[in-house]
$ cat start.txt   # compact mmCIF, C-alpha atoms and all ligand atoms
# COMPACT_ATOMS: atom_id res chain seq x y z
CA MET T 37 -29.98 -0.71 -12.70
CA ILE T 38 -30.51 -4.46 -13.27
CA PRO T 39 -27.70 -6.29 -15.10
CA ALA T 40 -28.35 -8.43 -18.18
CA ALA T 41 -28.61 -12.18 -17.46
CA PHE T 42 -25.32 -14.03 -16.96
CA ASP T 43 -24.00 -17.43 -15.89
CA TYR T 44 -21.77 -17.72 -12.83
CA HIS T 45 -18.86 -20.02 -12.06
CA LYS T 46 -16.79 -19.97 -8.88
CA ALA T 47 -13.21 -21.00 -9.76
CA SER T 48 -11.11 -22.79 -7.17
CA SER T 49 -7.69 -22.31 -8.81
CA VAL T 50 -5.94 -19.94 -11.20
CA ALA T 51 -5.58 -22.80 -13.71
CA GLU T 52 -9.35 -23.36 -13.62
CA ALA T 53 -10.04 -19.61 -14.09
CA VAL T 54 -7.62 -19.47 -17.05
CA GLY T 55 -9.25 -22.61 -18.56
CA LEU T 56 -12.73 -21.05 -18.25
CA LEU T 57 -11.50 -17.82 -19.86
CA GLU T 58 -10.09 -19.87 -22.76
CA GLU T 59 -13.34 -21.82 -23.09
CA HIS T 60 -15.69 -18.79 -23.07
CA GLY T 61 -13.47 -16.17 -24.73
CA MET T 62 -14.78 -12.60 -24.90
CA ASP T 63 -18.11 -13.63 -23.32
CA ALA T 64 -16.43 -14.24 -19.94
CA LYS T 65 -15.34 -11.76 -17.28
CA ILE T 66 -13.34 -12.28 -14.10
CA LEU T 67 -15.14 -11.18 -10.91
CA ALA T 68 -12.97 -10.22 -7.91
CA GLY T 69 -14.38 -7.69 -5.39
CA GLY T 70 -17.08 -6.60 -7.86
CA HIS T 71 -16.82 -2.91 -6.92
CA SER T 72 -16.08 -1.77 -10.47
CA LEU T 73 -17.52 -4.62 -12.56
CA ILE T 74 -20.96 -4.91 -10.90
CA PRO T 75 -21.77 -1.17 -11.22
CA ALA T 76 -20.69 -1.34 -14.89
CA MET T 77 -22.96 -4.39 -15.39
CA LYS T 78 -25.87 -2.64 -13.68
CA LEU T 79 -25.45 0.28 -16.08
CA ARG T 80 -25.17 -2.31 -18.91
CA LEU T 81 -21.82 -0.84 -19.92
CA ASN T 82 -20.59 -4.40 -19.55
CA GLN T 83 -22.73 -7.45 -20.36
CA PRO T 84 -20.66 -10.61 -19.89
CA GLY T 85 -22.40 -13.93 -20.56
CA ILE T 86 -20.46 -15.63 -17.75
CA LEU T 87 -18.76 -14.40 -14.60
CA ILE T 88 -15.76 -16.33 -13.33
CA ASP T 89 -15.56 -15.58 -9.61
CA ILE T 90 -11.94 -15.72 -8.42
CA SER T 91 -12.62 -14.41 -4.91
CA GLY T 92 -12.27 -17.87 -3.32
CA ILE T 93 -8.88 -18.75 -4.86
CA SER T 94 -6.54 -18.90 -1.87
CA GLU T 95 -3.33 -18.74 -3.97
CA LEU T 96 -4.37 -15.21 -5.06
CA SER T 97 -4.66 -13.81 -1.53
CA GLY T 98 -2.15 -12.55 0.97
CA ILE T 99 1.17 -10.76 1.17
CA LYS T 100 4.53 -12.55 1.19
CA ASP T 101 8.09 -11.32 1.55
CA ASP T 102 10.45 -13.17 -0.84
CA GLY T 103 13.53 -11.37 0.52
CA ARG T 104 13.88 -8.79 -2.29
CA SER T 105 10.22 -7.97 -2.93
CA LEU T 106 6.81 -7.97 -1.38
CA VAL T 107 4.53 -10.26 -3.35
CA ILE T 108 0.94 -9.07 -3.03
CA GLY T 109 -1.69 -11.55 -4.25
CA ALA T 110 -4.14 -10.07 -6.78
CA ASN T 111 -7.13 -10.74 -4.52
CA THR T 112 -5.66 -8.88 -1.55
CA THR T 113 -8.08 -6.13 -0.56
CA HIS T 114 -7.13 -2.49 -0.22
CA GLY T 115 -8.05 -2.80 3.48
CA ALA T 116 -5.69 -5.74 4.07
CA ILE T 117 -2.83 -3.82 2.42
CA ALA T 118 -3.58 -0.73 4.54
CA LYS T 119 -3.32 -2.83 7.71
CA SER T 120 -0.38 -5.09 6.73
CA ALA T 121 2.68 -4.92 8.98
CA GLU T 122 4.90 -6.22 6.11
CA VAL T 123 3.72 -3.45 3.80
CA ALA T 124 4.10 -0.82 6.53
CA SER T 125 7.74 -1.76 7.06
CA SER T 126 8.89 -2.58 3.48
CA ALA T 127 6.73 -0.35 1.25
CA PRO T 128 4.98 2.13 3.56
CA MET T 129 3.69 4.30 0.72
CA LEU T 130 1.51 1.40 -0.43
CA ALA T 131 -0.14 1.13 2.98
CA ALA T 132 -0.81 4.88 2.89
CA THR T 133 -2.22 4.64 -0.64
CA ALA T 134 -4.52 1.74 0.27
CA GLY T 135 -5.83 3.74 3.24
CA VAL T 136 -7.09 6.61 1.06
CA ILE T 137 -8.98 4.49 -1.50
CA GLY T 138 -12.75 5.07 -1.40
CA ASP T 139 -14.41 4.34 1.93
CA VAL T 140 -14.28 1.43 4.34
CA GLN T 141 -16.72 -0.74 2.31
CA ILE T 142 -14.67 -0.25 -0.87
CA ARG T 143 -11.43 -1.00 0.97
CA ASN T 144 -12.86 -4.17 2.51
CA LYS T 145 -14.11 -5.65 -0.80
CA GLY T 146 -12.08 -4.05 -3.59
CA THR T 147 -8.86 -5.80 -4.58
CA ILE T 148 -5.54 -4.52 -5.88
CA GLY T 149 -5.75 -6.94 -8.86
CA GLY T 150 -9.27 -5.76 -9.73
CA SER T 151 -8.24 -2.13 -9.51
CA ILE T 152 -5.25 -2.45 -11.82
CA ALA T 153 -7.12 -4.69 -14.30
CA HIS T 154 -9.91 -2.10 -14.43
CA ALA T 155 -7.33 0.70 -15.01
CA ASP T 156 -9.57 3.63 -14.16
CA PRO T 157 -7.54 6.75 -15.06
CA ALA T 158 -8.35 8.18 -11.60
CA ALA T 159 -7.45 5.04 -9.60
CA ASP T 160 -4.78 5.33 -6.92
CA TRP T 161 -2.80 2.10 -7.34
CA PRO T 162 -1.34 2.80 -10.79
CA ALA T 163 0.72 5.85 -9.71
CA ALA T 164 1.86 4.17 -6.49
CA LEU T 165 2.93 0.97 -8.28
CA ILE T 166 4.76 2.85 -11.04
CA ALA T 167 6.65 4.96 -8.47
CA CYS T 168 7.61 1.79 -6.54
CA ASN T 169 8.88 0.20 -9.77
CA ALA T 170 6.53 -2.73 -9.22
CA SER T 171 5.83 -5.49 -11.73
CA ILE T 172 2.67 -7.43 -12.44
CA GLU T 173 2.69 -11.24 -12.66
CA VAL T 174 -0.01 -12.60 -14.98
CA MET T 175 -1.03 -16.13 -16.00
CA GLY T 176 -2.63 -17.16 -19.29
CA GLY T 177 -3.09 -20.27 -21.42
CA SER T 178 0.54 -20.16 -22.55
CA GLY T 179 2.02 -19.72 -19.08
CA SER T 180 3.01 -16.81 -16.89
CA ARG T 181 4.81 -13.55 -17.64
CA THR T 182 5.70 -10.36 -15.82
CA VAL T 183 4.94 -6.82 -16.99
CA ALA T 184 6.55 -3.71 -15.47
CA ALA T 185 3.92 -1.41 -13.93
CA THR T 186 5.28 1.39 -16.16
CA ASP T 187 4.22 -0.64 -19.23
CA PHE T 188 1.00 -2.12 -17.79
CA PHE T 189 -1.37 0.87 -18.03
CA VAL T 190 -1.84 1.70 -21.68
CA GLY T 191 -5.02 3.81 -21.84
CA ILE T 192 -8.37 4.62 -20.25
CA TYR T 193 -9.60 1.25 -18.88
CA GLU T 194 -6.91 -0.40 -21.01
CA THR T 195 -3.95 -2.50 -19.86
CA ALA T 196 -1.26 -4.75 -21.30
CA LEU T 197 -3.28 -7.81 -20.16
CA GLU T 198 -3.93 -10.13 -23.10
CA ASP T 199 -7.19 -12.01 -23.68
CA GLY T 200 -7.44 -14.95 -21.31
CA GLU T 201 -4.88 -13.65 -18.79
CA VAL T 202 -5.44 -13.36 -15.04
CA ILE T 203 -3.40 -11.12 -12.74
CA VAL T 204 -1.80 -13.35 -10.12
CA ALA T 205 0.35 -11.00 -8.02
CA ILE T 206 2.07 -7.65 -7.79
CA HIS T 207 5.81 -7.71 -7.00
CA VAL T 208 7.05 -4.61 -5.18
CA PRO T 209 10.82 -4.21 -4.66
CA LYS T 210 11.53 -3.43 -1.01
CA VAL T 211 12.79 0.14 -0.58
CA PRO T 212 16.16 0.61 1.14
CA GLY T 213 16.10 2.05 4.66
CA THR T 214 17.39 5.41 3.37
CA ALA T 215 14.44 5.84 0.99
CA GLY T 216 11.42 8.03 1.62
CA SER T 217 8.10 7.71 -0.12
CA ALA T 218 4.68 9.36 -0.11
CA TYR T 219 1.38 9.44 -1.97
CA GLU T 220 -0.69 12.65 -1.99
CA LYS T 221 -3.99 13.11 -3.75
CA PHE T 222 -6.69 15.67 -4.44
CA PHE T 223 -9.90 13.75 -3.75
CA GLN T 224 -13.05 13.76 -5.81
CA PRO T 225 -15.31 14.62 -2.86
CA ALA T 226 -18.02 11.99 -3.49
CA SER T 227 -16.14 8.88 -4.71
CA ARG T 228 -12.70 9.82 -3.32
CA PHE T 229 -11.06 8.81 -6.61
CA ALA T 230 -7.98 10.94 -7.40
CA ILE T 231 -8.62 14.05 -9.47
CA VAL T 232 -4.84 14.26 -9.23
CA GLY T 233 -2.64 11.82 -7.32
CA CYS T 234 1.14 11.95 -7.04
CA ALA T 235 3.43 9.20 -5.72
CA ALA T 236 7.11 9.85 -4.98
CA VAL T 237 9.85 7.39 -4.02
CA LEU T 238 13.19 9.04 -3.27
CA GLU T 239 16.41 7.30 -2.27
CA MET T 240 18.33 9.71 -0.08
CA LYS T 241 21.80 10.13 1.44
CA ASP T 242 21.20 12.83 4.01
CA ASN T 243 19.66 15.60 1.89
CA PHE T 244 21.10 14.27 -1.38
CA CYS T 245 18.76 12.34 -3.67
CA THR T 246 20.43 9.39 -5.44
CA SER T 247 17.32 8.07 -7.19
CA ALA T 248 13.82 9.48 -7.76
CA ARG T 249 10.59 8.09 -9.20
CA VAL T 250 7.62 10.47 -9.30
CA ALA T 251 4.39 9.23 -10.90
CA PHE T 252 0.92 10.67 -11.43
CA THR T 253 -2.61 9.36 -11.72
CA GLY T 254 -5.80 11.23 -12.61
CA VAL T 255 -3.93 13.72 -14.79
CA ALA T 256 -4.01 11.95 -18.17
CA ASP T 257 -5.59 8.92 -19.89
CA THR T 258 -3.32 6.70 -17.87
CA ALA T 259 -0.96 6.90 -14.91
CA PHE T 260 2.63 7.70 -15.88
CA LEU T 261 6.16 8.09 -14.55
CA ASP T 262 7.06 11.78 -14.79
CA GLU T 263 10.59 11.50 -16.13
CA LYS T 264 11.25 15.25 -16.10
CA VAL T 265 10.34 15.70 -12.43
CA SER T 266 12.23 12.53 -11.47
CA ALA T 267 15.36 13.64 -13.39
CA ALA T 268 15.21 17.12 -11.82
CA LEU T 269 15.46 15.54 -8.34
CA GLU T 270 17.98 12.80 -9.05
CA ASN T 271 21.62 13.45 -8.08
CA GLN T 272 20.63 16.75 -6.47
CA THR T 273 20.67 18.17 -2.99
CA LEU T 274 16.97 18.63 -2.30
CA ASP T 275 16.86 22.23 -1.13
CA ASP T 276 13.78 24.44 -1.49
CA ALA T 277 14.76 25.82 -4.90
CA THR T 278 15.36 22.34 -6.37
CA ILE T 279 12.06 20.98 -5.04
CA LYS T 280 10.14 23.98 -6.38
CA ALA T 281 11.83 23.84 -9.78
CA ALA T 282 11.16 20.09 -10.11
CA SER T 283 7.50 20.48 -9.05
CA GLU T 284 6.99 23.25 -11.63
CA MET T 285 7.79 20.67 -14.35
CA ALA T 286 4.96 18.37 -13.23
CA ALA T 287 2.98 16.81 -16.08
CA SER T 288 4.60 19.19 -18.57
CA ASP T 289 4.81 16.39 -21.20
CA ALA T 290 1.35 14.95 -20.44
CA ASP T 291 -1.79 15.19 -22.53
CA ILE T 292 -3.81 16.55 -19.60
CA LEU T 293 -7.48 15.60 -19.11
CA GLY T 294 -10.18 18.22 -18.64
CA ASP T 295 -13.67 17.32 -17.41
CA HIS T 296 -16.47 18.61 -15.18
CA PHE T 297 -14.40 17.84 -12.05
CA ALA T 298 -11.34 19.86 -13.12
CA SER T 299 -10.34 21.74 -16.26
CA GLU T 300 -7.06 21.00 -18.02
CA GLU T 301 -5.51 24.18 -16.55
CA TYR T 302 -6.68 23.34 -13.02
CA ARG T 303 -5.34 19.76 -13.26
CA GLN T 304 -1.98 21.10 -14.46
CA HIS T 305 -1.91 23.43 -11.44
CA LEU T 306 -2.91 20.58 -9.09
CA ALA T 307 -0.17 18.35 -10.53
CA LYS T 308 2.46 20.95 -9.52
CA VAL T 309 0.96 21.44 -6.05
CA PHE T 310 0.64 17.70 -5.35
CA ALA T 311 4.10 16.95 -6.77
CA GLU T 312 5.59 19.40 -4.28
CA ARG T 313 3.53 17.92 -1.42
CA ALA T 314 4.52 14.33 -2.30
CA ILE T 315 8.21 15.20 -2.69
CA ARG T 316 8.33 17.08 0.62
CA ALA T 317 6.45 14.27 2.40
CA ALA T 318 8.79 11.64 0.90
CA ILE T 319 11.83 13.59 2.14
CA ALA T 320 10.25 13.87 5.61
CA ASN T 321 9.65 10.08 5.61
CA ALA T 322 13.23 9.17 4.58
C1 LIG T 401 -18.03 4.35 -4.62
C2 LIG T 401 -16.68 3.89 -5.08
C3 LIG T 401 -15.55 4.63 -4.73
C4 LIG T 401 -14.29 4.23 -5.15
N1 LIG T 401 -13.20 5.01 -4.82
C5 LIG T 401 -11.99 4.67 -5.27
C6 LIG T 401 -10.85 5.48 -4.96
O1 LIG T 401 -10.89 6.47 -4.23
N2 LIG T 401 -9.64 5.08 -5.50
C7 LIG T 401 -9.51 3.96 -6.28
O2 LIG T 401 -8.41 3.68 -6.75
N3 LIG T 401 -10.57 3.16 -6.55
C8 LIG T 401 -11.79 3.49 -6.06
N4 LIG T 401 -12.86 2.68 -6.36
C9 LIG T 401 -12.66 1.45 -7.16
C10 LIG T 401 -12.36 0.27 -6.21
O3 LIG T 401 -11.03 0.39 -5.75
C11 LIG T 401 -12.55 -1.11 -6.89
O4 LIG T 401 -12.55 -2.04 -5.88
C12 LIG T 401 -11.51 -1.53 -7.88
O5 LIG T 401 -11.40 -0.62 -8.93
C13 LIG T 401 -11.87 -2.87 -8.54
O6 LIG T 401 -11.53 -3.94 -7.72
P1 LIG T 401 -12.52 -5.15 -7.54
O7 LIG T 401 -11.77 -6.19 -6.80
O8 LIG T 401 -13.78 -4.67 -6.98
O9 LIG T 401 -12.67 -5.65 -9.08
P2 LIG T 401 -13.94 -6.11 -9.91
O10 LIG T 401 -14.98 -5.05 -9.92
O11 LIG T 401 -14.37 -7.48 -9.50
O12 LIG T 401 -13.27 -6.22 -11.36
C14 LIG T 401 -12.86 -5.06 -12.04
C15 LIG T 401 -12.27 -5.46 -13.41
O13 LIG T 401 -11.05 -6.16 -13.24
C16 LIG T 401 -11.12 -7.48 -13.79
N5 LIG T 401 -10.35 -8.31 -12.84
C17 LIG T 401 -10.53 -8.38 -11.50
N6 LIG T 401 -9.55 -9.13 -10.95
C18 LIG T 401 -8.78 -9.57 -11.96
C19 LIG T 401 -7.61 -10.37 -12.03
N7 LIG T 401 -7.02 -10.90 -10.93
N8 LIG T 401 -7.06 -10.61 -13.24
C20 LIG T 401 -7.60 -10.07 -14.36
N9 LIG T 401 -8.71 -9.29 -14.36
C21 LIG T 401 -9.28 -9.04 -13.17
C22 LIG T 401 -12.61 -7.79 -13.89
O14 LIG T 401 -12.89 -8.71 -14.93
C23 LIG T 401 -13.19 -6.41 -14.20
O15 LIG T 401 -13.02 -6.12 -15.56
C24 LIG T 401 -14.14 3.05 -5.94
C25 LIG T 401 -15.25 2.28 -6.27
C26 LIG T 401 -16.52 2.68 -5.85
C27 LIG T 401 -17.72 1.84 -6.22
$ encode --input "start.txt" --output "structure tokens" --more "lines below"
Ligand SMILES: Cc1cc2nc3c(=O)[nH]c(=O)nc-3n(C[C@H](O)[C@H](O)[C@H](O)COP(=O)(O)OP(=O)(O)OC[C@H]3O[C@@H](n4cnc5c(N)ncnc54)[C@H](O)[C@@H]3O)c2cc1C
Amino acid sequence: MIPAAFDYHKASSVAEAVGLLEEHGMDAKILAGGHSLIPAMKLRLNQPGILIDISGISELSGIKDDGRSLVIGANTTHGAIAKSAEVASSAPMLAATAGVIGDVQIRNKGTIGGSIAHADPAADWPAALIACNASIEVMGGSGSRTVAATDFFVGIYETALEDGEVIVAIHVPKVPGTAGSAYEKFFQPASRFAIVGCAAVLEMKDNFCTSARVAFTGVADTAFLDEKVSAALENQTLDDATIKAASEMAASDADILGDHFASEEYRQHLAKVFAERAIRAAIANA
């Protein structure tokens, strides 16, 4: 439980962190809240030669409203997002998601940037960000670029981040007043990671759904937008039969994980149950 020896550098700007990543290459690792990296180092699953601590970089913290989107700095903690008035009014599902991550210690130290960079297949943020149609702003040696959340998560602990890139912010389009959204998850009882988590964002006109994005985490190697469920809700009046039929399609195209927490069959069943719960909660919130 003792990590291998490493050097430590506290960066004071994104440019400095990017420069240090360029200088040290694969030997360097970014440190944010440390709630995924430090346990991995203690188990010696990860043995970086140098840690670049970004926790003091002020430009990476906080939540801004740029008119069309909320811009959430990578270092913003889950706890700060759960308590943010801006998030509660413009993207309420994100506040609800933040509030069900881990426990109070995890929420007060863990960051949204660290969570999505780590890309645990059972993490909560990936499904919520995909359903919100968010995009991820990253900075590397050759400048900055933006990656859609739908393209960001590419495998177990694998993202579209390239070597030397730092996540700077997450851009979340503000949902129109007629939209309803919800995140529902089946907790792993010890860690509270999602065995199955479902996020739904529905744009509604009365009981008619004009646009739907339903995404899952915990079900497969990586979070994904469930196009079949989303299409079954879109341009439909959301009566009981439509909601049930759409939920029955949950994860039908996914390569479903099976492990000692939940078999493949059980996860498939949970995906249907939690799709229905998220859709009904999103309608109630519209
Ligand atoms: C007991 C326990 C329970 C938990 N329960 C849950 C849960 O219910 N749901 C859930 O979703 N998560 C859960 N987590 C994970 C938690 O949310 C972590 O905080 C999160 O995964 C990592 O964030 P961090 O800021 O601690 O990142 P760190 O541990 O500092 O870093 C994680 C990885 O991301 C990289 N990184 C960090 N920031 C950046 C950046 N800006 N740019 C590029 N790379 C970066 C690091 O190099 C490292 O590889 C739990 C963790 C623990 C220990």
$ residues_around --input "start.txt" --residues "stretch 255-270 of chain T" --least-positions-apart "2" --cutoff "8 Å" --atoms "all atoms listed in the file" --output "PyMOL selection string"
chain T and resi 155-158+162-163+166-167+186+189-192+231-233+245-253+272-274+278-279+281-283+285-287+290-293+303-304+307
$ atom_distance --input "start.txt" --atom1 "atom C18 of ligand LIG 401 (chain T)" --atom2 "atom CA of T:Gly177"
15.4 Å
$ closest_atom_pairs --input "start.txt" --of "chain T" --to "ligand LIG 401 (chain T)" --cutoff "6 Å" --atoms "only C-alpha atoms and all ligand atoms" --output "tab-separated table"
residue	atom	partner	partner_atom	distance
T:Lys65	CA	T:LIG401	O14	4.6
T:Ile66	CA	T:LIG401	O14	3.7
T:Leu67	CA	T:LIG401	O11	4.0
T:Ala68	CA	T:LIG401	O11	3.5
T:Gly69	CA	T:LIG401	O7	3.3
T:Gly70	CA	T:LIG401	O11	3.3
T:His71	CA	T:LIG401	O8	3.5
T:Ser72	CA	T:LIG401	O10	3.5
T:Leu73	CA	T:LIG401	O10	3.7
T:Ala110	CA	T:LIG401	N7	5.1
T:Ile137	CA	T:LIG401	O1	3.9
T:Gly138	CA	T:LIG401	N1	3.5
T:Ile142	CA	T:LIG401	O4	5.7
T:Gly146	CA	T:LIG401	O4	3.1
T:Thr147	CA	T:LIG401	O7	3.7
T:Gly149	CA	T:LIG401	N7	4.6
T:Gly150	CA	T:LIG401	C17	3.4
T:Ser151	CA	T:LIG401	O5	3.5
T:Ala153	CA	T:LIG401	O13	4.3
T:His154	CA	T:LIG401	C15	4.2
T:Ala159	CA	T:LIG401	O2	3.3
T:Asp160	CA	T:LIG401	O2	4.0
T:Trp161	CA	T:LIG401	O2	5.9
T:Val202	CA	T:LIG401	N8	3.7
T:Ile203	CA	T:LIG401	N8	3.7
T:Val204	CA	T:LIG401	N7	5.8
T:Ser227	CA	T:LIG401	C3	4.3
T:Arg228	CA	T:LIG401	O1	3.9
T:Phe229	CA	T:LIG401	O1	3.3
$ write_last_selection --input "start.txt" --atoms "C-alpha atoms" --output "short mmCIF file (atom, residue, chain, number, x, y, z; two decimals), in the coordinates of the input"
data_model
loop_
_atom_site.label_atom_id
_atom_site.label_comp_id
_atom_site.auth_asym_id
_atom_site.auth_seq_id
_atom_site.Cartn_x
_atom_site.Cartn_y
_atom_site.Cartn_z
CA LYS T 65 -15.34 -11.76 -17.28
CA ILE T 66 -13.34 -12.28 -14.10
CA LEU T 67 -15.14 -11.18 -10.91
CA ALA T 68 -12.97 -10.22 -7.91
CA GLY T 69 -14.38 -7.69 -5.39
CA GLY T 70 -17.08 -6.60 -7.86
CA HIS T 71 -16.82 -2.91 -6.92
CA SER T 72 -16.08 -1.77 -10.47
CA LEU T 73 -17.52 -4.62 -12.56
CA ALA T 110 -4.14 -10.07 -6.78
CA ILE T 137 -8.98 4.49 -1.50
CA GLY T 138 -12.75 5.07 -1.40
CA ILE T 142 -14.67 -0.25 -0.87
CA GLY T 146 -12.08 -4.05 -3.59
CA THR T 147 -8.86 -5.80 -4.58
CA GLY T 149 -5.75 -6.94 -8.86
CA GLY T 150 -9.27 -5.76 -9.73
CA SER T 151 -8.24 -2.13 -9.51
CA ALA T 153 -7.12 -4.69 -14.30
CA HIS T 154 -9.91 -2.10 -14.43
CA ALA T 159 -7.45 5.04 -9.60
CA ASP T 160 -4.78 5.33 -6.92
CA TRP T 161 -2.80 2.10 -7.34
CA VAL T 202 -5.44 -13.36 -15.04
CA ILE T 203 -3.40 -11.12 -12.74
CA VAL T 204 -1.80 -13.35 -10.12
CA SER T 227 -16.14 8.88 -4.71
CA ARG T 228 -12.70 9.82 -3.32
CA PHE T 229 -11.06 8.81 -6.61
#
$ atom_distance --input "start.txt" --atom1 "atom CA of T:Leu165" --atom2 "atom CA of T:Gly216"
14.8 Å
$ atom_distance --input "start.txt" --atom1 "atom CA of T:Gly92" --atom2 "atom CA of T:Lys145"
12.6 Å
$ closest_residue --input "start.txt" --among "T:Ser105, T:Ser180, T:Gln83, T:Ser171" --to "T:Val50" --atoms "only C-alpha atoms"
T:Ser180
$ residues_around --input "start.txt" --residues "T:Ser120" --least-positions-apart "4" --cutoff "9 Å" --atoms "only C-alpha atoms" --output "ChimeraX atom specification"
/T:99,115-116,124-125,131
$ closest_residue --input "start.txt" --among "T:Asp139, T:Ala322, T:Lys119, T:Asn243" --to "T:Pro212" --atoms "only C-alpha atoms"
T:Ala322
$ closest_residue --input "start.txt" --among "T:Leu57, T:Ile172, T:Met37, T:Ala164" --to "T:Ile108" --atoms "only C-alpha atoms"
T:Ile172
$ closest_residue --input "start.txt" --among "T:Pro39, T:Pro209, T:Pro75, T:Gly200" --to "T:Val107" --atoms "only C-alpha atoms"
T:Pro209
